[in-house]
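Novice: Sharing a structure, written as structure tokens. Questions coming.
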Amino acid sequence: MTNASEPNDGALLSVRNLEKQFPTSSGTVRALSDVSFDVRRGCILGIVGESGSGKTTAGRCILRLIEPSGGEAIFDGVDLFKLSEKELRAYRRRLQIIFQDPYSSLNPRMRVGDIIGEAIDTHRLARGAAREERIAQLLGRVGLRPEHARRYPHEFSGGQRQRIGIARALAVEPELIIADEPVSALDVSVQAQVLNLMQELQQQLGLTMVFISHDLSVVEYLCDDIVVLYLGRIMEMGPAQEVYANPRHPYTQVLLSAVPVADPRAKRDRIILKGDIPSPLNPPSGCVFRTRCPYAVQACAEIVPPREDVSRDHSVACIRQAELAGQREFENQENLL
Amino acid sequence: MAVTSSPAIAGRPGLVSLVFQRKSLLIGLVVLGAITVFAVLAPLIAPYAPNRLSVVNRLQPPSGRWWFGTDEFGRDIFSRTIYAGQLSLLVGAAATLLAAAIGITLGLVAGFFRKADGIVARIIDAMMAFPDILLAISLVAALGPSLATVIVALGIVYAPRLARIVRASTLIIRELPYIEAARALGVPTWRIMLRHVLRNLVSPILVQATFIFAYAMLAEASLSFLGVGVSPEVPTWGTMIAAGRQYVGSADWMTLFPGIAIVLAVLSLQLVGDGLRDLLDPRLRKDL
Amino acid sequence: MLRTLRYVGAAVAALTFGSMQPAEAQQRGGAATVATIGEPNTLDPMVSAGDLLGMITQHFYETLYTFDKNWELTPLLAEKLPEVSADGKVYTIPLRQGVTFHNSQPMTAKDVVASLKRWTDLASRGKLVAGNIQAIEAIDDNTVRLTLKEPFAALTALLAFNNSAAVVMPADHMENPIKEVIGTGPYRLKERKADQYIQLVRFDGYKPREGEPNGFGGARKQYLDEIRFVPVPDANTRVEGALAGQFDYADLLPVEAYDRLRGQSKTEPLMLESFGWAMFIMNNKQGMMTKLDLRKAVQAALNAEDMLAAAFGKPEFYSVDGAMYPKSYVWRTEVGTEAYNQGDADKAAALAKKAGYDGSPIRILTSRQYEFHYKMAQVAAEYLKAAGFKVDLQVVDWATLVQRRAEPAVWDIFITHSPFLPEPALIAPLPDTYPGWWASETKNKLLTAFNTEMDQKKRIAIWADIQKLIYEEVPFYKVGDFNALTAKSPRLQGFTASPWPYFWNASLKQ
Amino acid sequence: MVITASSGVGTGAALALPPHVQLKVEDLQTYFIQGASTVKSVDGVSFSLSRGQTLAVVGESGSGKSVTSLTIMRLLAHPGRIVGGRVLYRLRGGDVVDLAQLPEKRMRAIRGREIAMIFQEPMTSLNPLFTVGDQIMEMILLHESVSRDEARVRAKRMLELVEIPAPERRLDQYPHEMSGGMRQRVMIALALSCNPSLLIADEPTTALDVTIQAQILDLLRRLQKEIGMSILFITHNLGVVAEIAHEVVVMYAGRVVEQGLVLNVFERPRHPYTRGLLACIPDVRRDRTEGGGRRLLNAIPGNVPSALDLPTGCAFAPRCPLVVDRCRELPPLIPVSEDHLSRCWRYDDL
Amino acid sequence: MTRYVIRRFLGMIAVMFTVVTIVFVIVRVAPGDPAAVMLGPDATAADIATLREKLGLDRPLILQYLYFLGQLLRGDLGQSIFLNMPVLSALAERAEPTFFLTLFSILIASAIALPVGILAAYKRGSLFDQVATTLAMLAASIPSFWLGLIFIQVFAVRFSWFPVSGYGGPDASFIVRLSHLILPATTLGIVSSALITRFTRASMLDVLNDDYVRTARSKGMGEFQVVMKHAFKNALIPVLTVIGLTAALLVSGAVVTETVFSLPGVGNLVVSAVLRRDYPVIQGALLVIAALYVLINFVIDMLYLVVDPRVRY
């Protein structure tokens with residue numbers, strides 16, 4: 001994780017100054033502004049944020065499923081955003097995506113074998129018996145049985161469907177997988193199975209992964225690095241452990257404190273935010289979080305806070321972060337006393 | 001209200017039993033099948049040649065000899081009704097196929113390519129602004145009346161309906177994750193259109209095509225009735241009613257039987273269409 | 001568009017006028033609704049020879065002469081019958097005085113001269129005499145003189161016809177198309193709503209001739225306040241409207257409706273016997289029908305009785321008669337009619353073989369405007385098929401038929417019909433110029449003799465030869481005679497059935 | 001517990017509840033019967049909710065938790081129907097009625113006034129064609145004989161109560177002009193506008209972002225403290241249960257598998273399903289090694305069973321790590337300690 | 001809101017323009033020379049050439065098209081060949097019966113369809129629902145001209161309750177003219193009620209499952225109020241669209257029905273024009289009717305502003 005504007009050597013993917021605007025009937029939505037981060041090879045980067053934060057858009061832009069409005073995404077030394085449609089097709093093999101909705105992400109009219117097979121066919125990875133074998137192998141890898149290839153998606157439960165989606169992504173042996181809320185539509189008891197599968201695969205195959213989620217505990221558990229988005233801007237990013245242990249941005253703090261913990265005795269020093277997320281059509285000036293920030297001051301409305309490094313690989317976009325950190329330090333000491 | 005929130009209904013009953021569960025679909029299929037069989041086998045079934053004149057026997061009421069009576073030329077209305085079924089069904093089917101060919105192509109193109117969409121969607125909208133019969137009449141007037149032009153005109157008239165449905169569905173499907181997944185895999189656009197989009201449109205297209213079939217048959221009858229359709233000596237149910245119009249009140253059977261034939265054919269098609277919609281639309285099936 | 005074929009409107013002699021005299025005194029007032037077979041495309045009786053147009057316009061436009069109940073010439077706007085010079089070239093026509101147009105202007109000789117000139121320019125029948133006219137001039141305000149280059153016996157009859165009619169219009173309203181309908185008739189146009197109605201109201205400035213009504217002539221009484229012509233193109237709707245009492249008179253109904261109309265309280269059928277005859281005209285100029293044997297083959301193949309039965313239903317509505325005139329006419333003869341109504345497929349096939357018939361289809365042109373044409377065509381097609389012919393039945397609208405029949409290359413047979421004309425020389429397919437183009441030396445010789453011969457008995461003899469020739473050369477095929485059915489309300493009194501029904505003299509019982 | 005006079009329509013005379021109990025559900029059975037297929041969505045559910053307390057019903061999809069809440073409100077959609085059991089409810093006046101037996105007309109008087117409900121989807125639960133004010137006033141006017149002006153004043157006060165800024169202006173706004181969190185507040189204001197004794201909250205925060213969820217939970221807690229209504233809280237989120245509820249009922253495949261005080265159940269779950277649920281939520285303290293390495297989560301194997309195709313005996317048996325032969329036989333709800341029940345033969349092994 | 005209105009308005013103009021182009025294409029597709037058709041069989045080649053020049057038929061298609069557009073912009077729909085009057089006046093003369101026929105048909109159709117559709121949806125699966133659904137389908141299967149013929153036989157001829165045909169005489173009072181409309185309007189109304197019934201039912205079914213309906217019930221509201229106030233008002237929005245568009249499309253039904261009942265309306269005019277080869281009238285009628293449809297569509301869009309606050313926003 002780095003804030004350098006140059007691509008990081010250890011990064012498989014470096015996103016720089018990603019911008020995305022959507023024209024809508026009632027104006028332009030700034031879905032992403034100046035988003036830069038690195039995804040380290042073999043690591044899992046978590047992108048967290050609430051609805052409207054742009055986390056899903058970011059994932060789609062990297063894969064060019066949505067055309068970005070600006071910036072670059074250097075994947076293994078090549079800017080994906082500059083590739084022609086044809087060149088991109090070859091790169092598609094190396095980057096894959098897993099979707100949130102296990103229902104709409106599988107074509108209901110195709111057999112599971114064909115869904116996975118399509119990936120194999122498109123990149124001419126295997127034919128005939130080899131192809132079938134490969135499908136069986138992939139199904140086995142995600143915990144399904146070979147005979148499932150003949151069935152249609154609707155014959156499976158949500159968790160099983162998500163496994164099929166993972167098998168499809170794995171079929172082309174990608175290096176990077178973008179997982180867009182892969183477990184949030186699943187029942188709690190099934191979520192853990194899929195999370196386990198994903199991290200097993202990640203470890204076994206040495207995959208690099210971008211994990212997009214609104215579930216902070218899942219991200220904390222799964223990810224090595226974390227990017228916190230709010231209204232299309234990065235609020236804070238850094239190694240997951242550090243950010244969770246020592247959140248420096250007021251928004252990160254709020255977010256973490258808002259997560260309900262399944263422990264009735266847990267201490268809840270919750271910061272309740274006022275108001276709602278502003279409309280991305282008309283985002284606040286300066287710091288986009290200032291309208292809800294308990295620590296906002298006049299200056300927050302005037303300048304877009306720059307990213308400041310607070311430690312190695314940990315950066316925060318808050319003009320008051322140092323000041324607030326000092327205060328907290330003081331309070332903590334007081335508490336200790 | 002999602003009552004049984006279990007997403008996967010275990011086991012899928014076979015198609016046949018699904019059909020049998022839907023009485024109306026079954027009735028529709030049986031009636032439609034019977035009409036088709038009668039029409040196709042008309043040469044075997046018809047007691048008389050459809051054009052055989054027998055002037056001495058003109059305008060005979062239905063009897064054991066002429067089940068549906070005879071027309072003003074003494075032709076057997078029963079024989080003519082089943083022969084007319086051939087052409088009425090042919091016009092309906094051919095117009096539907098043509099409408100489907102045009103409509104699906106336009107709809108897919110419009111739904112898939114944003115640039116083409118502006119123009120195609122506008123043309124679809126504009127075509128929909130013409131009442132079907134009126135547009136058909138005008139087209140037939142422009143092309144000259146004949147069996148072929150009626151088919152072409154009706155094909156053109158109903159194409160926008162399919163195009164609109166295909167376009168709307170394509171616009172929705174295009175945004176679905178499984179399309180994104182295919183794009184992420186690098187599947188070429190044309191294959192996405194055929195494999196992912198069109199294949200998922202089979203049900204709505206089939207359902208709509210059934211209705212268009214029904215409408216096209218009604219429209220053909222209307223055109224023939226107005227005297228701007230198929231030429232009057234060609235027996236279709238429409239031309240038979242048109243010919244019988246002069247004898248309403250004196251030889252009602254001339255209009256009655258072809259009229260019943262139309263109603264039955266159109267009704268059975270609608271039953272089938274409705275039944276298919278029930279059967280194929282998973283949203284409705286879930287509620288059942 | 002609905003131009004009919006009753007060419008020269010002359011007399012349907014078999015029709016009897018005045019058979020229905022009112023039982024009680026006629027009442028003034030009321031509006032009569034007349035269902036017509038369609039909408040005329042103009043209200044100018046000069047520009048079209050349509051019967052429908054004539055039937056409507058005769059109520060507001062008048063001619064100099066007309067016909068009485070015996071189909072004799074009788075003056076209308078003229079004071080009396082014309083004085084014809086000894087050489088038969090100069091007609092002096094005295095005009096009635098005190099006649100005013102609907103715009104209150106008096107009618108003068110100037111108007112008549114202008115109208116006649118317009119007629120010779122525009123009207124198809126006017127054009128017939130146009131070339132023969134030396135001069136049309138007003139001698140004084142009330143006298144018009146018409147000078148011919150050659151004598152022409154039919155002139156007065158032409159002046160008397162009510163379609164393609166020599167009507168009198170104001171001299172300052174001569175535009176074509178007419179802008180304003182201004183005539184001299186007993187009724188004037190109040191409003192025309194195309195496809196809805198043509199509303200006529202009593203013209204209060206009308207001065208009827210003295211005396212009693214006599215056919216189209218004599219006094220014209222204005223009992224009705226209004227006459228409304230309602231276009232009802234669908235024949236069955238006319239029947240139903242009549243049954244429901246919606247129409248006081250319904251023109252030209254399908255004969256099948258006769259039984260439905262009988263014994264009804266709101267309407268009663270009127271039968272016009274021997275209304276006309278139907279014919280299949282063969283193309284004598286181009287194509288396969290130029291072969292006499294093939295024409296004879298068609299003649300042999302056809303069964304007129306079945307064709308008539310299919311077209312007109314019950315035998316009381318038609319007669320299977322090969323003669324060119326029905327029994328009541330002096331021209332009646334049965335010479336040659338053994339070739340009529342054969343329906344002999346074998347003979348036809350043999351003749352076709354002899355003619356070297358190559359199996360190409362006979363193109364029969366017909367229209368559904370006249371349902372009976374179409375029905376006859378269908379029956380004919382079956383008989384021709386039975387004789388081994390191929391048939392291409394081309395069903396078009398009447399306007400198209402009229403257009404196409406002028407093209408010798410595109411048809412072999414077309415179907416039409418005609419009323420019985422008092423003068424056989426006027427029968428449509430006799431001249432060379434009529435589509436069909438029957439031009440044989442024998443025919444020309446006979447026809448010239450017939451036209452120049454003044455002795456009636458000799459003419460009858462020549463006519464028999466012509467009829468014989470028609471059966472020998474088969475320029476056309478006569479299918480048979482038919483009656484016409486109309487219906488009137490019992491309320492309508494003083495009405496006289498006629499091919500061009502008129503509603504002056506008629507009244508409504510209230 | 002045993003009530004003898006349960007003849008037909010329950011009235012206060014025949015029915016009784018312990019004084020602190022607001023709602024008592026007894027052996028409730030709600031089936032969806034269509035043709036030959038019967039879905040036992042709620043199959044013998046019993047629990048009771050004390051006045052001023054919050055009871056959470058927790059479960060996954062198909063567990064029957066939402067159907068339970070709709071059954072209590074008698075808002076079941078066709079073809080669902082109550083085939084057995086009682087829903088005893090204490091009216092404001094103190095009378096106890098069996099909601100399962102109550103005629104529809106009387107039930108209508110209870111809905112909204114005695115028992116109010118809020119739903120999962122704040123975006124769709126309000127009628128888009130009426131102003132927020134109209135919708136709240138409609139509720140007040142329906143149950144109380146007040147004038148429109150009074151109703152409007154009350155509605156405004158309700159909006160203030162749920163901390164909606166500029167309530168006067170908001171009254172005249174339409175739902176689509178508000179965010180999801182705001183709409184859920186409106187729903188709460190609407191639900192509480194007739195001072196109900198029981199609020200049924202059916203997954204009220206599921207569709208909301210965490211920061212908004214925190215606001216709503218906070219609001220509900222505060223309102224309960226102020227107004228004192230009982231809350232029946234339906235959720236699938238154990239974290240939310242831990243935050244808001246006093247007691248919890250864990251449902252699985254239409255049946256209650258465990259119930260008790262939140263503290264007890266969370267601290268020592270006595271049913272393998274509950275234990276599994278608690279264990280499979282990622283928790284870094286547990287699931288990560290000292291060095292930051294990840295351990296696999298304690299996943300529950302298998303899938304949530306289909307309601308059409310339930311195993312006989314314990315429905316959880318096919319996924320249960322502790323399964324024994326006896327599990328083919330349906331265990332009853334066994335009291336494992338005071339105020340703590342478990343439907344597991346092996347509750348003691350946990 | 002202004003933006004919505006402007007967008008819809010521009011959309012309407014664009015569709016209108018496309019409609020005009022389509023009509024131009026259709027009429028140009030017509031084989032044969034319009035000039036020759038207009039002048040009839042007796043015309044000389046010189047006459048035809050003169051008329052071609054006058055009509056601009058000798059010019060390149062694109063110029064003809066521009067000329068056609070120019071004419072339209074001046075509100076000139078051309079001259080009827082048969083009727084010798086401007087097409088616009090011919091259409092205007094026939095507007096009244098068509099307008100009232102459409103209006104009454106829609107009223108009759110709605111009067112049947114709305115209650116039946118609502119009740120069928122509410123009692124989904126019941127006997128009533130099945131009967132209503134089947135009847136609606138039956139109504140949609142009956143050719144309108146056939147039903148019209150039957151109605152004429154029964155109600156006009158046999159019972160003489162209503163006039164057989166036409167639109168009354170020149171002095172016919174409004175009431176009399178209305179009496180001419182009852183049978184045709186009923187015919188059309190029954191046939192078009194099918195679509196509206198089915199649509200109302202479907203749309204009610206959608207709405208009845210909506211969360212806010214459940215909310216209304218949870219308030220303790222009576223079923224009638226729930227259905228009519230909360231459900232129906234929402235279902236009405238799409239139903240309104242269908243009613244409006246059905247009204248526009250009824251002109252199509254009117255083509256047949258007006259012919260059967262000899263009503264002197266626009267539909268009848270079109271059929272006559274086709275038979276009379278009166279191309280300017282066909283063209284004009286197509287344009288006006290399509291424009292009407294587009295306009296009704298626009299009006300419905302504007303109605304949304306009133307009915308649906310979401311659009312206003």
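Letters for chains follow the order of the structure tokens (A, B, ...), residue numbers begin at 1 for each chain, and ligand numbers begin at 1 in the order shown.
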Using only C-alpha atoms, find the residues of chain E whose closest atom to chain B is at most 8 Å away, then write them as a ChimeraX atom specification.
Specialist: /E:14-16,18-19,22,26-31,137-138,140-143,145-146,149,153,209-211,248-253,255-256,259,271,274-275,277,282,286,289-291,293-294
Novice: Can you list every residue of chain B that has an atom at most 7 Å from chain A, with its nearest atom pair and the distance in Å to one decimal, using only C-alpha atoms, ordered by chain then number, as a tab-separated table?
Specialist:
```
residue	atom	partner	partner_atom	distance
B:Ala8	CA	A:Ser157	CA	6.0
B:Leu176	CA	A:Ser104	CA	6.2
B:Pro177	CA	A:Ser105	CA	4.4
B:Tyr178	CA	A:Ser105	CA	4.0
B:Glu180	CA	A:Leu65	CA	6.6
B:Ala181	CA	A:Ile97	CA	7.0
B:Ala184	CA	A:Arg92	CA	5.9
B:Leu185	CA	A:Arg92	CA	5.5
B:Gly186	CA	A:Arg89	CA	4.9
B:Val187	CA	A:Thr122	CA	5.8
B:His196	CA	A:Asn107	CA	6.7
B:Arg199	CA	A:Arg109	CA	6.7
B:Asn200	CA	A:Arg109	CA	6.3
```
Novice: I want to know what sits within 8 Å of region 38-53 of chain D, based on only C-alpha atoms, with residues of the same chain fewer than 5 positions away left out; could you give that as a PyMOL selection string?
Specialist: (chain B and resi 4) or (chain D and resi 20-33+62-65+67-68+85+197+224-225+228-232+245-246+249+253-256+307-308)
Novice: Take the selection from the previous step and output its residues with N, CA, C and O atoms, as a compact mmCIF listing (two decimals), in the first residue's frame.
Specialist:
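result-v7.txt written:
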```txt
# COMPACT_ATOMS: atom_id res chain seq x y z
N THR B 4 -43.51 -17.99 0.64
CA THR B 4 -42.55 -19.06 0.82
C THR B 4 -41.22 -18.49 0.37
O THR B 4 -40.92 -18.41 -0.80
N HIS D 20 -47.52 -9.10 33.62
CA HIS D 20 -46.44 -8.40 32.94
C HIS D 20 -46.37 -8.76 31.46
O HIS D 20 -45.59 -8.18 30.72
N VAL D 21 -47.16 -9.73 31.05
CA VAL D 21 -47.04 -10.19 29.67
C VAL D 21 -47.95 -9.39 28.74
O VAL D 21 -49.12 -9.19 29.02
N GLN D 22 -47.37 -8.96 27.66
CA GLN D 22 -48.12 -8.19 26.66
C GLN D 22 -48.67 -9.12 25.58
O GLN D 22 -49.79 -8.97 25.12
N LEU D 23 -47.84 -10.08 25.19
CA LEU D 23 -48.20 -10.94 24.07
C LEU D 23 -47.71 -12.34 24.38
O LEU D 23 -46.59 -12.51 24.87
N LYS D 24 -48.59 -13.27 24.12
CA LYS D 24 -48.16 -14.65 24.33
C LYS D 24 -48.61 -15.48 23.14
O LYS D 24 -49.81 -15.58 22.85
N VAL D 25 -47.64 -16.04 22.47
CA VAL D 25 -47.95 -16.87 21.31
C VAL D 25 -47.82 -18.31 21.77
O VAL D 25 -46.83 -18.69 22.39
N GLU D 26 -48.88 -19.09 21.48
CA GLU D 26 -48.87 -20.47 21.94
C GLU D 26 -49.04 -21.44 20.78
O GLU D 26 -50.06 -21.41 20.09
N ASP D 27 -48.05 -22.22 20.58
CA ASP D 27 -48.12 -23.30 19.60
C ASP D 27 -48.72 -22.84 18.26
O ASP D 27 -49.57 -23.51 17.68
N LEU D 28 -48.25 -21.74 17.83
CA LEU D 28 -48.82 -21.15 16.61
C LEU D 28 -48.39 -21.96 15.38
O LEU D 28 -47.22 -22.31 15.22
N GLN D 29 -49.40 -22.23 14.55
CA GLN D 29 -49.10 -22.95 13.32
C GLN D 29 -49.70 -22.17 12.14
O GLN D 29 -50.91 -21.95 12.09
N THR D 30 -48.84 -21.75 11.24
CA THR D 30 -49.31 -21.06 10.04
C THR D 30 -48.81 -21.84 8.83
O THR D 30 -47.62 -22.01 8.65
N TYR D 31 -49.77 -22.31 8.07
CA TYR D 31 -49.41 -23.09 6.89
C TYR D 31 -49.84 -22.36 5.63
O TYR D 31 -50.80 -21.60 5.62
N PHE D 32 -49.09 -22.61 4.59
CA PHE D 32 -49.51 -22.14 3.26
C PHE D 32 -49.92 -23.36 2.47
O PHE D 32 -49.10 -24.19 2.12
N ILE D 33 -51.23 -23.44 2.24
CA ILE D 33 -51.75 -24.64 1.60
C ILE D 33 -52.23 -24.27 0.21
O ILE D 33 -53.10 -23.43 0.03
N GLY D 62 -36.56 -18.24 5.26
CA GLY D 62 -37.36 -19.45 5.35
C GLY D 62 -37.54 -19.98 6.74
O GLY D 62 -38.12 -21.04 6.94
N SER D 63 -37.05 -19.23 7.73
CA SER D 63 -37.18 -19.74 9.09
C SER D 63 -38.59 -19.53 9.64
O SER D 63 -38.96 -20.14 10.63
N GLY D 64 -39.36 -18.65 8.97
CA GLY D 64 -40.71 -18.40 9.44
C GLY D 64 -40.82 -17.21 10.35
O GLY D 64 -41.89 -16.92 10.89
N LYS D 65 -39.74 -16.45 10.49
CA LYS D 65 -39.80 -15.33 11.43
C LYS D 65 -40.74 -14.23 10.96
O LYS D 65 -41.52 -13.68 11.73
N VAL D 67 -43.21 -14.61 8.79
CA VAL D 67 -44.59 -15.13 8.78
C VAL D 67 -45.17 -15.05 10.19
O VAL D 67 -46.34 -14.74 10.37
N THR D 68 -44.33 -15.31 11.18
CA THR D 68 -44.81 -15.21 12.56
C THR D 68 -45.33 -13.81 12.84
O THR D 68 -46.43 -13.62 13.37
N GLY D 85 -53.12 -22.98 17.27
CA GLY D 85 -52.41 -22.16 18.23
C GLY D 85 -53.17 -20.89 18.59
O GLY D 85 -54.23 -20.61 18.03
N SER D 197 -49.31 -0.57 22.10
CA SER D 197 -48.63 -1.26 23.20
C SER D 197 -47.55 -2.18 22.66
O SER D 197 -46.65 -2.57 23.38
N GLN D 224 -38.54 3.34 23.09
CA GLN D 224 -39.09 2.33 23.99
C GLN D 224 -38.98 2.80 25.44
O GLN D 224 -39.89 2.63 26.24
N LYS D 225 -37.85 3.43 25.72
CA LYS D 225 -37.65 3.93 27.06
C LYS D 225 -38.70 4.99 27.39
O LYS D 225 -39.28 5.01 28.46
N GLY D 228 -42.53 3.13 26.35
CA GLY D 228 -42.76 1.92 27.11
C GLY D 228 -43.46 0.82 26.37
O GLY D 228 -44.00 -0.10 26.95
N MET D 229 -43.48 0.90 25.03
CA MET D 229 -44.13 -0.19 24.31
C MET D 229 -43.23 -1.41 24.26
O MET D 229 -42.03 -1.33 24.44
N SER D 230 -43.87 -2.54 24.02
CA SER D 230 -43.11 -3.76 23.79
C SER D 230 -42.70 -3.78 22.32
O SER D 230 -43.42 -3.24 21.48
N ILE D 231 -41.57 -4.41 22.06
CA ILE D 231 -41.15 -4.50 20.66
C ILE D 231 -40.89 -5.96 20.32
O ILE D 231 -40.20 -6.67 21.05
N LEU D 232 -41.52 -6.39 19.23
CA LEU D 232 -41.18 -7.69 18.68
C LEU D 232 -40.30 -7.41 17.48
O LEU D 232 -40.73 -6.82 16.50
N ALA D 245 -32.26 -6.35 21.96
CA ALA D 245 -33.28 -7.21 22.55
C ALA D 245 -32.94 -7.63 23.98
O ALA D 245 -31.78 -7.69 24.36
N HIS D 246 -34.02 -7.87 24.72
CA HIS D 246 -33.85 -8.46 26.04
C HIS D 246 -33.90 -9.97 25.96
O HIS D 246 -33.18 -10.66 26.62
N VAL D 249 -35.66 -15.24 20.39
CA VAL D 249 -36.21 -16.51 19.93
C VAL D 249 -35.47 -16.84 18.64
O VAL D 249 -35.45 -16.04 17.72
N ALA D 253 -36.32 -23.17 10.13
CA ALA D 253 -37.28 -23.97 9.36
C ALA D 253 -38.66 -24.03 10.02
O ALA D 253 -39.26 -25.09 10.15
N GLY D 254 -39.14 -22.88 10.44
CA GLY D 254 -40.51 -22.80 10.93
C GLY D 254 -40.68 -23.12 12.40
O GLY D 254 -41.79 -23.04 12.93
N ARG D 255 -39.61 -23.50 13.03
CA ARG D 255 -39.75 -23.85 14.44
C ARG D 255 -38.79 -23.02 15.29
O ARG D 255 -37.75 -22.58 14.82
N VAL D 256 -39.19 -22.85 16.55
CA VAL D 256 -38.27 -22.24 17.51
C VAL D 256 -37.26 -23.30 17.90
O VAL D 256 -37.63 -24.41 18.26
N ALA D 307 -38.53 -25.13 2.48
CA ALA D 307 -39.73 -25.29 3.30
C ALA D 307 -40.64 -26.39 2.76
O ALA D 307 -41.49 -26.90 3.48
N LEU D 308 -40.46 -26.72 1.49
CA LEU D 308 -41.31 -27.75 0.91
C LEU D 308 -40.80 -29.15 1.22
O LEU D 308 -41.48 -30.13 0.97
```
Novice: For Lys390 (chain C), find every residue with an atom within 9 Å (counting only C-alpha atoms), except residues of its own chain fewer than 2 positions away, and show them as number ranges by chain.
Specialist: C: 359-363, 381, 384-385, 388, 392
Novice: Identify which of the residues C:Arg202, C:Lys347, C:Lys458, C:Lys149 lies closest to Asp87 (chain C), counting only C-alpha atoms when measuring atom-to-atom distances.
Specialist: C:Lys149
Novice: At a cut-off of 6 Å, which residues of chain E touch chain C? Count only C-alpha atoms and give the answer as a PDB file with C-alpha atoms, in the first residue's frame.
Specialist:
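Wrote it out as selection-v2.pdb, contents follow:
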```
ATOM      1  CA  PRO E  41     -58.739   6.825 -66.914  1.00  0.00           C
ATOM      2  CA  PHE E  82     -62.758  12.164 -54.528  1.00  0.00           C
ATOM      3  CA  LEU E  83     -64.388  14.685 -52.281  1.00  0.00           C
ATOM      4  CA  VAL E 157     -83.506  -5.037 -36.539  1.00  0.00           C
ATOM      5  CA  SER E 160     -85.699  -1.814 -33.035  1.00  0.00           C
ATOM      6  CA  VAL E 164     -79.287   0.442 -37.628  1.00  0.00           C
ATOM      7  CA  PRO E 264     -69.670   8.838 -40.988  1.00  0.00           C
TER       8      PRO E 264
END
```
Novice: CA of Gly343 (chain C) and CA of Val391 (chain C) are how many Å apart?
Specialist: 16.3 Å
Novice: Could you list, as a list in words, the residues of chain B having an atom within 9 Å of chain C when counting only C-alpha atoms?
Specialist: Asn51, Arg52, Leu53, Ser54, Val55, Val56, Arg58, Leu59, Glu72, Phe73, Gly74, Ser231, Pro232, Glu233, Arg245, Gln246, Tyr247, Val248, Gly249 and Ser250 of chain B
Novice: Can you list every residue of region 95-150 of chain D that has an atom at most 8 Å from region 182-189 of chain D, with its nearest atom pair and the distance in Å to one decimal, using only C-alpha atoms, ordered by chain then number, as a Markdown table?
Specialist:
```
| residue | atom | partner | partner_atom | distance |
| --- | --- | --- | --- | --- |
| D:Ile118 | CA | D:Met187 | CA | 6.2 |
| D:Pro122 | CA | D:Gln184 | CA | 5.0 |
| D:Met123 | CA | D:Arg183 | CA | 6.8 |
| D:Ser125 | CA | D:Met187 | CA | 7.8 |
| D:Leu126 | CA | D:Met187 | CA | 7.5 |
| D:Val132 | CA | D:Val186 | CA | 7.3 |
| D:Ile136 | CA | D:Ala189 | CA | 7.5 |
```
Novice: At what distance in Å, to one decimal, does CA of Asp346 (chain C) lie from CA of Thr366 (chain C)?
Specialist: 25.9 Å
Novice: Do a neighbour search on region 109-118 of chain B at 7 Å with only C-alpha atoms, toss out local chain neighbours closer than 5 positions, and write the hits as a list in words.
Specialist: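 Skipping anything fewer than 5 positions along the chain leaves Arg167, Ala168, Thr170 and Leu171 of chain B.
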